[in-house]
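Student: My file is final_26.pdb. It has PDB, C-alpha atoms:
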ATOM      1  CA  VAL A   1     -41.910  27.207 -35.633
ATOM      2  CA  SER A   2     -38.729  25.660 -36.925
ATOM      3  CA  LYS A   3     -35.510  27.603 -36.807
ATOM      4  CA  LEU A   4     -34.979  26.840 -40.456
ATOM      5  CA  LEU A   5     -38.347  28.264 -41.425
ATOM      6  CA  ASP A   6     -37.745  31.328 -39.292
ATOM      7  CA  ARG A   7     -34.331  31.837 -40.878
ATOM      8  CA  ASN A   8     -35.649  31.338 -44.394
ATOM      9  CA  LEU A   9     -38.557  33.696 -43.817
ATOM     10  CA  ASN A  10     -36.136  36.305 -42.564
ATOM     11  CA  LEU A  11     -33.936  35.854 -45.644
ATOM     12  CA  TYR A  12     -36.906  36.047 -47.994
ATOM     13  CA  SER A  13     -38.116  39.169 -46.267
ATOM     14  CA  ILE A  14     -34.693  40.785 -46.580
ATOM     15  CA  MET A  15     -34.421  39.846 -50.249
ATOM     16  CA  THR A  16     -37.819  41.190 -51.201
ATOM     17  CA  ASN A  17     -36.951  44.434 -49.461
ATOM     18  CA  LYS A  18     -33.815  44.711 -51.591
ATOM     19  CA  LEU A  19     -35.404  43.410 -54.767
ATOM     20  CA  PRO A  20     -35.651  46.845 -56.438
ATOM     21  CA  LEU A  21     -31.843  46.971 -56.351
ATOM     22  CA  TYR A  22     -31.242  43.602 -57.973
ATOM     23  CA  ASP A  23     -29.718  43.784 -61.435
ATOM     24  CA  GLU A  24     -28.674  40.191 -62.143
ATOM     25  CA  TRP A  25     -31.286  37.656 -63.213
ATOM     26  CA  MET A  26     -29.719  34.972 -61.018
ATOM     27  CA  GLU A  27     -30.271  37.220 -58.008
ATOM     28  CA  VAL A  28     -33.930  37.443 -58.877
ATOM     29  CA  GLU A  29     -34.125  33.705 -59.421
ATOM     30  CA  ASN A  30     -32.512  33.193 -56.041
ATOM     31  CA  VAL A  31     -35.379  35.031 -54.350
ATOM     32  CA  LEU A  32     -37.755  32.507 -55.879
ATOM     33  CA  ILE A  33     -35.519  29.653 -54.744
ATOM     34  CA  TRP A  34     -35.731  30.863 -51.152
ATOM     35  CA  ARG A  35     -39.495  31.209 -51.480
ATOM     36  CA  ASP A  36     -39.526  27.538 -52.430
ATOM     37  CA  GLU A  37     -37.637  26.733 -49.235
ATOM     38  CA  ILE A  38     -40.439  28.322 -47.202
ATOM     39  CA  HIS A  39     -43.084  26.590 -49.305
ATOM     40  CA  ASP A  40     -41.522  23.192 -48.665
ATOM     41  CA  GLU A  41     -41.315  23.759 -44.942
ATOM     42  CA  LEU A  42     -44.978  24.683 -44.814
ATOM     43  CA  GLU A  43     -45.923  21.747 -47.006
ATOM     44  CA  ALA A  44     -44.021  19.495 -44.617
ATOM     45  CA  GLY A  45     -46.259  20.670 -41.802
ATOM     46  CA  ALA A  46     -44.384  23.563 -40.295
ATOM     47  CA  SER A  47     -46.520  26.420 -39.049
ATOM     48  CA  LEU A  48     -46.085  30.150 -38.792
ATOM     49  CA  THR A  49     -47.120  32.491 -36.044
ATOM     50  CA  ASP A  50     -49.584  35.226 -36.915
ATOM     51  CA  GLU A  51     -46.707  37.677 -36.984
ATOM     52  CA  GLN A  52     -44.755  35.478 -39.355
ATOM     53  CA  LEU A  53     -47.778  34.982 -41.570
ATOM     54  CA  ARG A  54     -48.032  38.752 -41.870
ATOM     55  CA  ALA A  55     -44.313  38.965 -42.629
ATOM     56  CA  LEU A  56     -44.652  36.335 -45.347
ATOM     57  CA  LYS A  57     -47.651  38.109 -46.873
ATOM     58  CA  ASP A  58     -45.798  41.424 -46.787
ATOM     59  CA  ALA A  59     -42.794  39.856 -48.485
ATOM     60  CA  ASP A  60     -45.009  38.218 -51.109
ATOM     61  CA  ASP A  61     -46.692  41.584 -51.648
ATOM     62  CA  ARG A  62     -43.289  43.171 -52.253
ATOM     63  CA  LEU A  63     -42.454  40.466 -54.772
ATOM     64  CA  LEU A  64     -45.742  40.983 -56.589
ATOM     65  CA  ALA A  65     -45.268  44.752 -56.539
ATOM     66  CA  GLN A  66     -42.090  44.230 -58.566
ATOM     67  CA  ARG A  67     -43.754  41.792 -60.961
ATOM     68  CA  GLU A  68     -43.773  43.935 -64.092
ATOM     69  CA  ARG A  69     -40.137  44.935 -63.766
ATOM     70  CA  LEU A  70     -38.979  41.426 -62.937
ATOM     71  CA  VAL A  71     -40.803  39.877 -65.873
ATOM     72  CA  ARG A  72     -39.630  42.608 -68.240
ATOM     73  CA  ASP A  73     -35.996  42.875 -67.157
ATOM     74  CA  PHE A  74     -35.210  39.324 -66.018
ATOM     75  CA  PRO A  75     -37.090  36.888 -68.256
ATOM     76  CA  SER A  76     -34.320  34.334 -67.776
ATOM     77  CA  ALA A  77     -35.365  33.896 -64.156
ATOM     78  CA  PHE A  78     -38.743  32.609 -65.283
ATOM     79  CA  GLU A  79     -37.675  30.260 -68.037
ATOM     80  CA  ASN A  80     -37.989  26.508 -67.775
ATOM     81  CA  THR A  81     -40.729  26.750 -65.179
ATOM     82  CA  GLU A  82     -43.476  24.871 -67.004
ATOM     83  CA  SER A  83     -43.151  21.838 -64.756
ATOM     84  CA  ILE A  84     -43.443  23.836 -61.545
ATOM     85  CA  SER A  85     -46.743  23.605 -59.705
ATOM     86  CA  PRO A  86     -49.083  26.605 -60.075
ATOM     87  CA  ARG A  87     -49.195  26.635 -56.283
ATOM     88  CA  GLN A  88     -45.639  27.947 -56.445
ATOM     89  CA  TRP A  89     -47.050  31.039 -58.085
ATOM     90  CA  TRP A  90     -43.818  33.050 -57.672
ATOM     91  CA  TRP A  91     -42.323  31.147 -60.607
ATOM     92  CA  HIS A  92     -45.308  32.071 -62.771
ATOM     93  CA  LEU A  93     -45.264  35.849 -62.453
ATOM     94  CA  PRO A  94     -45.233  36.282 -66.258
ATOM     95  CA  GLU A  95     -48.761  34.863 -66.302
ATOM     96  CA  GLY A  96     -50.234  38.003 -64.788
ATOM     97  CA  PRO A  97     -50.804  40.110 -61.687
ATOM     98  CA  ASP A  98     -53.442  37.757 -60.305
ATOM     99  CA  VAL A  99     -51.255  34.703 -60.288
ATOM    100  CA  ARG A 100     -51.167  34.489 -56.487
ATOM    101  CA  ASP A 101     -54.895  34.928 -56.108
ATOM    102  CA  GLU A 102     -55.567  32.320 -58.750
ATOM    103  CA  ALA A 103     -53.229  29.858 -57.067
ATOM    104  CA  GLN A 104     -54.900  30.422 -53.703
ATOM    105  CA  GLN A 105     -58.360  30.009 -55.171
ATOM    106  CA  ALA A 106     -57.335  26.795 -56.885
ATOM    107  CA  ALA A 107     -55.982  25.490 -53.605
TER     108      ALA A 107
ATOM    109  CA  VAL B   1     -10.976  47.346 -54.399
ATOM    110  CA  LYS B   2      -7.450  46.524 -55.471
ATOM    111  CA  ASP B   3      -4.470  44.809 -53.917
ATOM    112  CA  LEU B   4      -6.479  42.694 -51.577
ATOM    113  CA  PRO B   5      -4.444  39.970 -49.945
ATOM    114  CA  THR B   6      -5.385  36.395 -50.553
ATOM    115  CA  TYR B   7      -6.558  34.301 -47.659
ATOM    116  CA  PRO B   8      -5.175  30.798 -48.008
ATOM    117  CA  MET B   9      -7.130  27.883 -46.679
ATOM    118  CA  HIS B  10      -5.737  26.744 -43.355
ATOM    119  CA  THR B  11      -8.021  23.789 -43.016
ATOM    120  CA  LYS B  12      -9.585  21.364 -45.450
ATOM    121  CA  GLU B  13     -12.552  20.761 -43.220
ATOM    122  CA  ARG B  14     -15.653  21.571 -45.177
ATOM    123  CA  GLY B  15     -17.843  24.288 -43.847
ATOM    124  CA  VAL B  16     -15.135  25.998 -41.881
ATOM    125  CA  LEU B  17     -13.521  29.065 -43.241
ATOM    126  CA  PRO B  18      -9.950  29.705 -42.197
ATOM    127  CA  VAL B  19      -9.652  31.437 -38.883
ATOM    128  CA  GLY B  20      -8.919  35.055 -39.360
ATOM    129  CA  TRP B  21      -9.900  35.142 -43.015
ATOM    130  CA  MET B  22     -12.046  38.119 -42.197
ATOM    131  CA  GLY B  23      -9.793  39.727 -39.659
ATOM    132  CA  THR B  24     -10.697  38.905 -36.109
ATOM    133  CA  ILE B  25     -14.285  38.009 -36.787
ATOM    134  CA  ASP B  26     -15.286  34.406 -36.610
ATOM    135  CA  ILE B  27     -17.928  33.217 -38.961
ATOM    136  CA  ARG B  28     -20.857  31.354 -37.452
ATOM    137  CA  TYR B  29     -22.304  28.970 -39.929
ATOM    138  CA  SER B  30     -25.865  27.872 -39.933
ATOM    139  CA  ILE B  31     -26.141  24.349 -38.621
ATOM    140  CA  ILE B  32     -29.807  23.986 -39.320
ATOM    141  CA  ARG B  33     -30.481  20.953 -41.426
ATOM    142  CA  LYS B  34     -33.162  20.696 -43.993
ATOM    143  CA  GLY B  35     -35.647  17.870 -43.885
ATOM    144  CA  GLY B  36     -37.367  16.044 -46.665
ATOM    145  CA  ARG B  37     -36.984  16.463 -50.365
ATOM    146  CA  PRO B  38     -37.409  19.836 -51.998
ATOM    147  CA  THR B  39     -40.167  20.457 -54.468
ATOM    148  CA  VAL B  40     -39.221  20.529 -58.093
ATOM    149  CA  THR B  41     -38.143  23.975 -59.197
ATOM    150  CA  GLY B  42     -37.906  23.611 -62.914
ATOM    151  CA  GLY B  43     -35.300  20.910 -62.848
ATOM    152  CA  GLY B  44     -33.894  19.847 -66.161
ATOM    153  CA  VAL B  45     -32.727  22.008 -68.989
ATOM    154  CA  SER B  46     -34.767  24.020 -71.452
ATOM    155  CA  GLY B  47     -33.963  23.759 -75.148
ATOM    156  CA  ASP B  48     -32.003  26.987 -75.016
ATOM    157  CA  GLY B  49     -30.276  25.911 -71.822
ATOM    158  CA  GLU B  50     -29.309  22.584 -73.333
ATOM    159  CA  ARG B  51     -27.872  24.337 -76.387
ATOM    160  CA  ARG B  52     -25.787  26.611 -74.200
ATOM    161  CA  ARG B  53     -24.644  23.669 -72.105
ATOM    162  CA  GLN B  54     -23.603  21.713 -75.188
ATOM    163  CA  GLU B  55     -21.832  24.740 -76.617
ATOM    164  CA  ARG B  56     -19.928  25.209 -73.400
ATOM    165  CA  LEU B  57     -19.020  21.518 -73.309
ATOM    166  CA  VAL B  58     -17.600  21.831 -76.815
ATOM    167  CA  GLN B  59     -15.621  24.908 -75.797
ATOM    168  CA  LEU B  60     -14.228  23.145 -72.755
ATOM    169  CA  GLY B  61     -13.421  20.040 -74.777
ATOM    170  CA  ARG B  62     -11.393  22.059 -77.234
ATOM    171  CA  MET B  63      -9.384  23.813 -74.540
ATOM    172  CA  THR B  64      -6.014  22.493 -73.529
ATOM    173  CA  ASP B  65      -5.450  22.291 -69.805
ATOM    174  CA  GLU B  66      -3.261  25.370 -70.095
ATOM    175  CA  GLU B  67      -5.980  27.304 -71.844
ATOM    176  CA  PHE B  68      -8.539  26.174 -69.299
ATOM    177  CA  ALA B  69      -6.254  27.135 -66.437
ATOM    178  CA  CYS B  70      -5.769  30.552 -68.010
ATOM    179  CA  GLU B  71      -9.499  31.108 -68.413
ATOM    180  CA  LEU B  72     -10.161  29.873 -64.889
ATOM    181  CA  GLU B  73      -7.513  32.154 -63.440
ATOM    182  CA  SER B  74      -8.878  35.145 -65.299
ATOM    183  CA  HIS B  75     -12.229  34.556 -63.616
ATOM    184  CA  LYS B  76     -10.706  33.890 -60.196
ATOM    185  CA  ARG B  77      -8.910  37.217 -60.349
ATOM    186  CA  VAL B  78     -11.948  39.328 -61.042
ATOM    187  CA  ASP B  79     -12.513  42.287 -58.841
ATOM    188  CA  TRP B  80     -15.238  44.673 -57.836
ATOM    189  CA  THR B  81     -15.306  48.266 -58.861
ATOM    190  CA  SER B  82     -15.733  50.439 -55.789
ATOM    191  CA  ARG B  83     -19.164  51.522 -56.944
ATOM    192  CA  ARG B  84     -20.428  48.027 -57.636
ATOM    193  CA  LEU B  85     -19.011  46.801 -54.342
ATOM    194  CA  LYS B  86     -20.923  49.413 -52.380
ATOM    195  CA  VAL B  87     -24.085  48.672 -54.318
ATOM    196  CA  HIS B  88     -23.621  44.981 -53.689
ATOM    197  CA  VAL B  89     -23.321  45.512 -49.958
ATOM    198  CA  GLU B  90     -26.576  47.406 -50.118
ATOM    199  CA  LYS B  91     -28.162  44.603 -52.128
ATOM    200  CA  HIS B  92     -26.869  41.533 -50.330
ATOM    201  CA  GLY B  93     -25.036  42.638 -47.211
ATOM    202  CA  GLU B  94     -27.942  42.052 -44.866
ATOM    203  CA  GLN B  95     -28.736  38.714 -46.480
ATOM    204  CA  LEU B  96     -25.145  37.503 -46.251
ATOM    205  CA  SER B  97     -24.896  38.774 -42.706
ATOM    206  CA  SER B  98     -27.948  36.770 -41.760
ATOM    207  CA  VAL B  99     -26.409  33.584 -43.098
ATOM    208  CA  LEU B 100     -22.854  34.177 -41.918
ATOM    209  CA  GLY B 101     -23.692  35.775 -38.597
ATOM    210  CA  VAL B 102     -21.454  38.762 -39.059
ATOM    211  CA  ASP B 103     -22.019  42.288 -40.276
ATOM    212  CA  LEU B 104     -20.562  42.908 -43.704
ATOM    213  CA  ASP B 105     -19.223  46.171 -45.038
ATOM    214  CA  ASP B 106     -17.611  46.686 -48.422
ATOM    215  CA  VAL B 107     -14.132  45.705 -47.236
ATOM    216  CA  LYS B 108     -15.393  42.476 -45.696
ATOM    217  CA  LEU B 109     -17.459  41.667 -48.754
ATOM    218  CA  ALA B 110     -14.377  42.113 -50.918
ATOM    219  CA  LYS B 111     -12.476  39.731 -48.648
ATOM    220  CA  LEU B 112     -15.338  37.264 -48.721
ATOM    221  CA  THR B 113     -15.318  37.371 -52.516
ATOM    222  CA  VAL B 114     -11.590  36.709 -52.641
ATOM    223  CA  GLU B 115     -12.008  33.849 -50.189
ATOM    224  CA  ILE B 116     -14.720  32.164 -52.258
ATOM    225  CA  LEU B 117     -12.892  32.655 -55.546
ATOM    226  CA  SER B 118      -9.674  31.306 -54.051
ATOM    227  CA  ASN B 119     -11.090  28.423 -52.076
ATOM    228  CA  ALA B 120     -14.258  27.282 -53.760
ATOM    229  CA  ASP B 121     -15.603  23.842 -52.959
ATOM    230  CA  ARG B 122     -17.151  23.514 -56.391
ATOM    231  CA  VAL B 123     -16.722  25.351 -59.662
ATOM    232  CA  LEU B 124     -19.243  25.531 -62.486
ATOM    233  CA  THR B 125     -19.092  27.339 -65.767
ATOM    234  CA  GLY B 126     -21.577  28.169 -68.441
ATOM    235  CA  ILE B 127     -22.729  30.676 -70.986
ATOM    236  CA  ASP B 128     -24.840  33.320 -69.334
ATOM    237  CA  GLN B 129     -28.380  33.251 -70.586
ATOM    238  CA  ALA B 130     -28.782  37.012 -70.679
ATOM    239  CA  THR B 131     -25.407  38.188 -72.002
ATOM    240  CA  LEU B 132     -24.093  35.017 -73.701
ATOM    241  CA  GLN B 133     -20.752  35.626 -72.000
ATOM    242  CA  VAL B 134     -18.752  32.856 -70.383
ATOM    243  CA  GLU B 135     -19.531  32.781 -66.693
ATOM    244  CA  TYR B 136     -18.023  30.998 -63.724
ATOM    245  CA  ALA B 137     -19.809  30.198 -60.483
ATOM    246  CA  PHE B 138     -17.542  29.560 -57.503
ATOM    247  CA  VAL B 139     -19.405  27.759 -54.764
ATOM    248  CA  ARG B 140     -18.487  27.706 -51.113
ATOM    249  CA  LEU B 141     -20.507  25.214 -49.109
ATOM    250  CA  LEU B 142     -21.570  26.353 -45.683
ATOM    251  CA  ARG B 143     -22.199  23.027 -44.023
ATOM    252  CA  GLU B 144     -20.569  19.687 -43.916
ATOM    253  CA  SER B 145     -22.984  17.408 -45.735
ATOM    254  CA  ILE B 146     -22.773  17.871 -49.460
ATOM    255  CA  GLY B 147     -25.982  18.163 -51.447
ATOM    256  CA  LEU B 148     -28.292  19.613 -48.827
ATOM    257  CA  ASP B 149     -26.128  22.497 -47.820
ATOM    258  CA  ASP B 150     -26.558  26.194 -47.967
ATOM    259  CA  ALA B 151     -23.831  27.768 -49.986
ATOM    260  CA  ILE B 152     -22.474  31.103 -51.055
ATOM    261  CA  ILE B 153     -21.997  31.636 -54.754
ATOM    262  CA  ALA B 154     -19.620  34.102 -56.336
ATOM    263  CA  LEU B 155     -20.403  34.835 -59.969
ATOM    264  CA  ALA B 156     -17.633  36.040 -62.277
ATOM    265  CA  ARG B 157     -18.282  37.188 -65.811
ATOM    266  CA  GLY B 158     -16.795  39.588 -68.312
ATOM    267  CA  GLY B 159     -13.763  40.336 -66.173
ATOM    268  CA  ALA B 160     -15.763  41.402 -63.149
ATOM    269  CA  ALA B 161     -17.332  40.015 -60.029
ATOM    270  CA  ARG B 162     -21.060  40.062 -60.727
ATOM    271  CA  SER B 163     -22.653  38.868 -57.556
ATOM    272  CA  VAL B 164     -22.089  37.097 -54.278
ATOM    273  CA  PHE B 165     -25.139  35.648 -52.609
ATOM    274  CA  PRO B 166     -26.223  32.785 -50.386
ATOM    275  CA  THR B 167     -28.406  30.141 -51.906
ATOM    276  CA  ALA B 168     -29.964  26.764 -51.283
ATOM    277  CA  MET B 169     -27.436  24.692 -53.167
ATOM    278  CA  GLU B 170     -29.552  21.746 -54.206
ATOM    279  CA  ARG B 171     -32.260  23.917 -55.651
ATOM    280  CA  TRP B 172     -29.789  26.240 -57.281
ATOM    281  CA  LEU B 173     -28.053  23.334 -58.992
ATOM    282  CA  LYS B 174     -31.375  22.098 -60.357
ATOM    283  CA  ARG B 175     -32.062  25.502 -61.828
ATOM    284  CA  ARG B 176     -28.536  25.807 -63.181
ATOM    285  CA  SER B 177     -28.378  22.551 -65.064
ATOM    286  CA  ASP B 178     -27.313  24.561 -68.102
ATOM    287  CA  MET B 179     -23.950  25.001 -66.416
ATOM    288  CA  VAL B 180     -21.102  22.503 -66.503
ATOM    289  CA  GLU B 181     -19.363  21.488 -63.319
ATOM    290  CA  VAL B 182     -15.601  21.650 -63.750
ATOM    291  CA  THR B 183     -14.560  20.915 -60.173
ATOM    292  CA  SER B 184     -12.714  17.739 -61.174
ATOM    293  CA  ARG B 185     -10.844  19.475 -63.961
ATOM    294  CA  VAL B 186      -9.840  22.247 -61.608
ATOM    295  CA  GLN B 187      -8.584  19.653 -59.145
ATOM    296  CA  ALA B 188      -6.696  17.870 -61.911
ATOM    297  CA  LEU B 189      -4.811  21.081 -62.526
ATOM    298  CA  GLY B 190      -3.533  20.811 -59.003
ATOM    299  CA  GLN B 191      -5.622  23.723 -57.868
ATOM    300  CA  LYS B 192      -8.222  24.009 -55.202
ATOM    301  CA  PRO B 193     -10.883  22.754 -54.909
TER     302      PRO B 193
END
If you convert what's in this file into structure tokens, what do you get?
Tutor:
Amino acid sequence: VSKLLDRNLNLYSIMTNKLPLYDEWMEVENVLIWRDEIHDELEAGASLTDEQLRALKDADDRLLAQRERLVRDFPSAFENTESISPRQWWWHLPEGPDVRDEAQQAA
Amino acid sequence: VKDLPTYPMHTKERGVLPVGWMGTIDIRYSIIRKGGRPTVTGGGVSGDGERRRQERLVQLGRMTDEEFACELESHKRVDWTSRRLKVHVEKHGEQLSSVLGVDLDDVKLAKLTVEILSNADRVLTGIDQATLQVEYAFVRLLRESIGLDDAIIALARGGAARSVFPTAMERWLKRRSDMVEVTSRVQALGQKP
């Protein structure tokens, strides 16, 4: 496990814990940016321990749990995302609550 | 938080904050380097974003250097209200601590904000998508190589500090292509950066 991936997972976990407090759309967007950092590391071949996989799933769950509020209150964070791969489902939260499942099934 | 002292830059070395800028605590920067190219995160500008960018460019073009300096200064001097500062520590304190390697309380966050506003490596400005107010983003790079660095961003808008958070600079810039970088103009004024 790379130190960078470990650090980024920790940051993403922290941010999704604090997400209910965020009140600026750029803060919300920044969570998605850090999720991309993790995605890229994994795509590049990095691996996670079982514990880290659980931590990532928990953090993703927290993000999805906030989906309605994020989409309603911070639409700016999700604009200009048409060109982003559906695999990066976190940018496509406005498309519905099943966006992660659909991305995983497609993969 | 009022009457905070400024913390002048004692070194021009990128990625190193002045010793003692946060009291006796040294900041440990991440030295982890990224590898490869990041995936696209909505790079480019939407129609609305392009309109706001063009509008901001027109505004900046019409400003004299004195007017620009005045506007810049008004955003560099923004402050936190005590309430917002405490909330911000709750929101981002742990995240910033993880990146900087030091625990942050409200006093230290206020000092960090002053440091970034006073000694930004890059400055961008735009029209905020949500409020349509003029906004400035003061960027402090956290590592030496430009372009792939982590950074801390201090957002100033409407006479107040709005947020301070760490980000992945390259990705953030791609998402914020509606903003205009004014680092060179700031430098031409004889100011940092």
Student: Please write as a list in words the full residue list that the PyMOL selection byres ((chain A) within 8 of (chain B)) yields on this file.
Tutor: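 Taken over the shown coordinates, the PyMOL selection byres ((chain A) within 8 of (chain B)) returns Lys3, Leu4, Leu11, Ile14, Met15, Lys18, Leu19, Leu21, Tyr22, Glu24, Trp25, Glu27, Asn30, Ile33, Trp34, Asp36, Glu37, Asp40, Ala44, Ser76, Glu79, Asn80, Thr81, Glu82, Ser83 and Ile84 of chain A.
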Student: Which one is closest to Glu181 of chain B: B:Ala161, B:Leu100, B:Leu117, B:Leu124? Count only C-alpha atoms.
Tutor: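 The closest residue to Glu181 of chain B is B:Leu124.
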Student: Would you list the contacts of Val134 of chain B as a compact mmCIF listing (two decimals) with C-alpha atoms, keeping the file's coordinate frame, taking every protein, DNA or RNA residue within 12 Å and counting only C-alpha atoms, but skipping same-chain residues closer than 5 positions in sequence?
Tutor:
# COMPACT_ATOMS: atom_id res chain seq x y z
CA ARG B 52 -25.79 26.61 -74.20
CA ARG B 53 -24.64 23.67 -72.10
CA GLU B 55 -21.83 24.74 -76.62
CA ARG B 56 -19.93 25.21 -73.40
CA LEU B 57 -19.02 21.52 -73.31
CA GLN B 59 -15.62 24.91 -75.80
CA LEU B 60 -14.23 23.14 -72.76
CA GLU B 71 -9.50 31.11 -68.41
CA LEU B 72 -10.16 29.87 -64.89
CA SER B 74 -8.88 35.15 -65.30
CA HIS B 75 -12.23 34.56 -63.62
CA LEU B 124 -19.24 25.53 -62.49
CA THR B 125 -19.09 27.34 -65.77
CA GLY B 126 -21.58 28.17 -68.44
CA ILE B 127 -22.73 30.68 -70.99
CA ASP B 128 -24.84 33.32 -69.33
CA GLN B 129 -28.38 33.25 -70.59
CA LEU B 155 -20.40 34.84 -59.97
CA ALA B 156 -17.63 36.04 -62.28
CA ARG B 157 -18.28 37.19 -65.81
CA GLY B 158 -16.80 39.59 -68.31
CA GLY B 159 -13.76 40.34 -66.17
CA ALA B 160 -15.76 41.40 -63.15
CA MET B 179 -23.95 25.00 -66.42
CA VAL B 180 -21.10 22.50 -66.50
Student: I'd like to know which of B:Val123, B:Leu142, B:Met63, B:Ala154 is closest to Trp80 of chain B, using all atoms listed in the file.
Tutor: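 Going through B:Val123, B:Leu142, B:Met63, B:Ala154 one by one, the smallest distance to Trp80 of chain B is for B:Ala154.
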Student: If the box runs along x, y and z of the file and leaves 6 Å on each side of segment 149-157 of chain B, what are its centre and edge lengths in Å, one decimal, as AutoDock Vina command-line options?
Tutor:
--center_x -22.1 --center_y 29.8 --center_z -56.8 --size_x 20.9 --size_y 26.7 --size_z 30.0
Student: Calculated over only C-alpha atoms, which of the candidates B:Ala188, B:Ile152, B:Ala69, B:Gly61 has the smallest distance to Glu115 of chain B?
Tutor: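 Looking only at the distances to Glu115 of chain B, the closest residue turns out to be B:Ile152.
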Student: Between A:Ala65, A:Pro94, A:Leu9, A:Asp73, which is the closest to Glu51 of chain A once you count only C-alpha atoms?
Tutor: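 Closest residue, counting only C-alpha atoms: A:Leu9.
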Student: So the first atom is atom CA of Asn8 of chain A and the second is atom CA of Thr183 of chain B; what is the distance between them in Å, to one decimal place?
Tutor: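 Between atom CA of Asn8 of chain A and atom CA of Thr183 of chain B the gap is 28.3 Å.
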Student: Report, in Å to a single decimal, how far apart atom CA of Leu32 of chain A and atom CA of Asp60 of chain A are.
Tutor: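 Between atom CA of Asp60 of chain A and atom CA of Leu32 of chain A the gap works out to 10.4 Å.
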Student: Can you list what the PyMOL selection byres ((chain A and resi 63) around 9) grabs from this structure, as a ChimeraX atom specification?
Tutor: /A:16-17,19,31,58-62,64-67,70,90
Student: Those residues with C-alpha atoms, as an mmCIF file, in the coordinates of the input please?
Tutor:
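Listed below is the output, selection.cif:
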data_model
loop_
_atom_site.group_PDB
_atom_site.id
_atom_site.type_symbol
_atom_site.label_atom_id
_atom_site.label_comp_id
_atom_site.auth_asym_id
_atom_site.auth_seq_id
_atom_site.Cartn_x
_atom_site.Cartn_y
_atom_site.Cartn_z
ATOM 1 C CA THR A 16 -37.819 41.190 -51.201
ATOM 2 C CA ASN A 17 -36.951 44.434 -49.461
ATOM 3 C CA LEU A 19 -35.404 43.410 -54.767
ATOM 4 C CA VAL A 31 -35.379 35.031 -54.350
ATOM 5 C CA ASP A 58 -45.798 41.424 -46.787
ATOM 6 C CA ALA A 59 -42.794 39.856 -48.485
ATOM 7 C CA ASP A 60 -45.009 38.218 -51.109
ATOM 8 C CA ASP A 61 -46.692 41.584 -51.648
ATOM 9 C CA ARG A 62 -43.289 43.171 -52.253
ATOM 10 C CA LEU A 64 -45.742 40.983 -56.589
ATOM 11 C CA ALA A 65 -45.268 44.752 -56.539
ATOM 12 C CA GLN A 66 -42.090 44.230 -58.566
ATOM 13 C CA ARG A 67 -43.754 41.792 -60.961
ATOM 14 C CA LEU A 70 -38.979 41.426 -62.937
ATOM 15 C CA TRP A 90 -43.818 33.050 -57.672
#
Student: What is the distance between atom CA of Glu41 of chain A and atom CA of Pro86 of chain A, in Å to one decimal?
Tutor: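 Those two atoms sit 17.2 Å apart.
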Student: Considering all atoms listed in the file, can you say which of A:Leu42, A:Leu53, A:Phe74, A:Leu48 comes closest to Asp23 of chain A?
Tutor: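 Residue with the minimum atom-to-atom distance to Asp23 of chain A: A:Phe74.
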Student: Looking at A:Asp98, A:Phe78, A:Glu29, A:Ala46, which one is nearest to Ser2 of chain A, with distances taken over all atoms listed in the file?
Tutor: A:Ala46
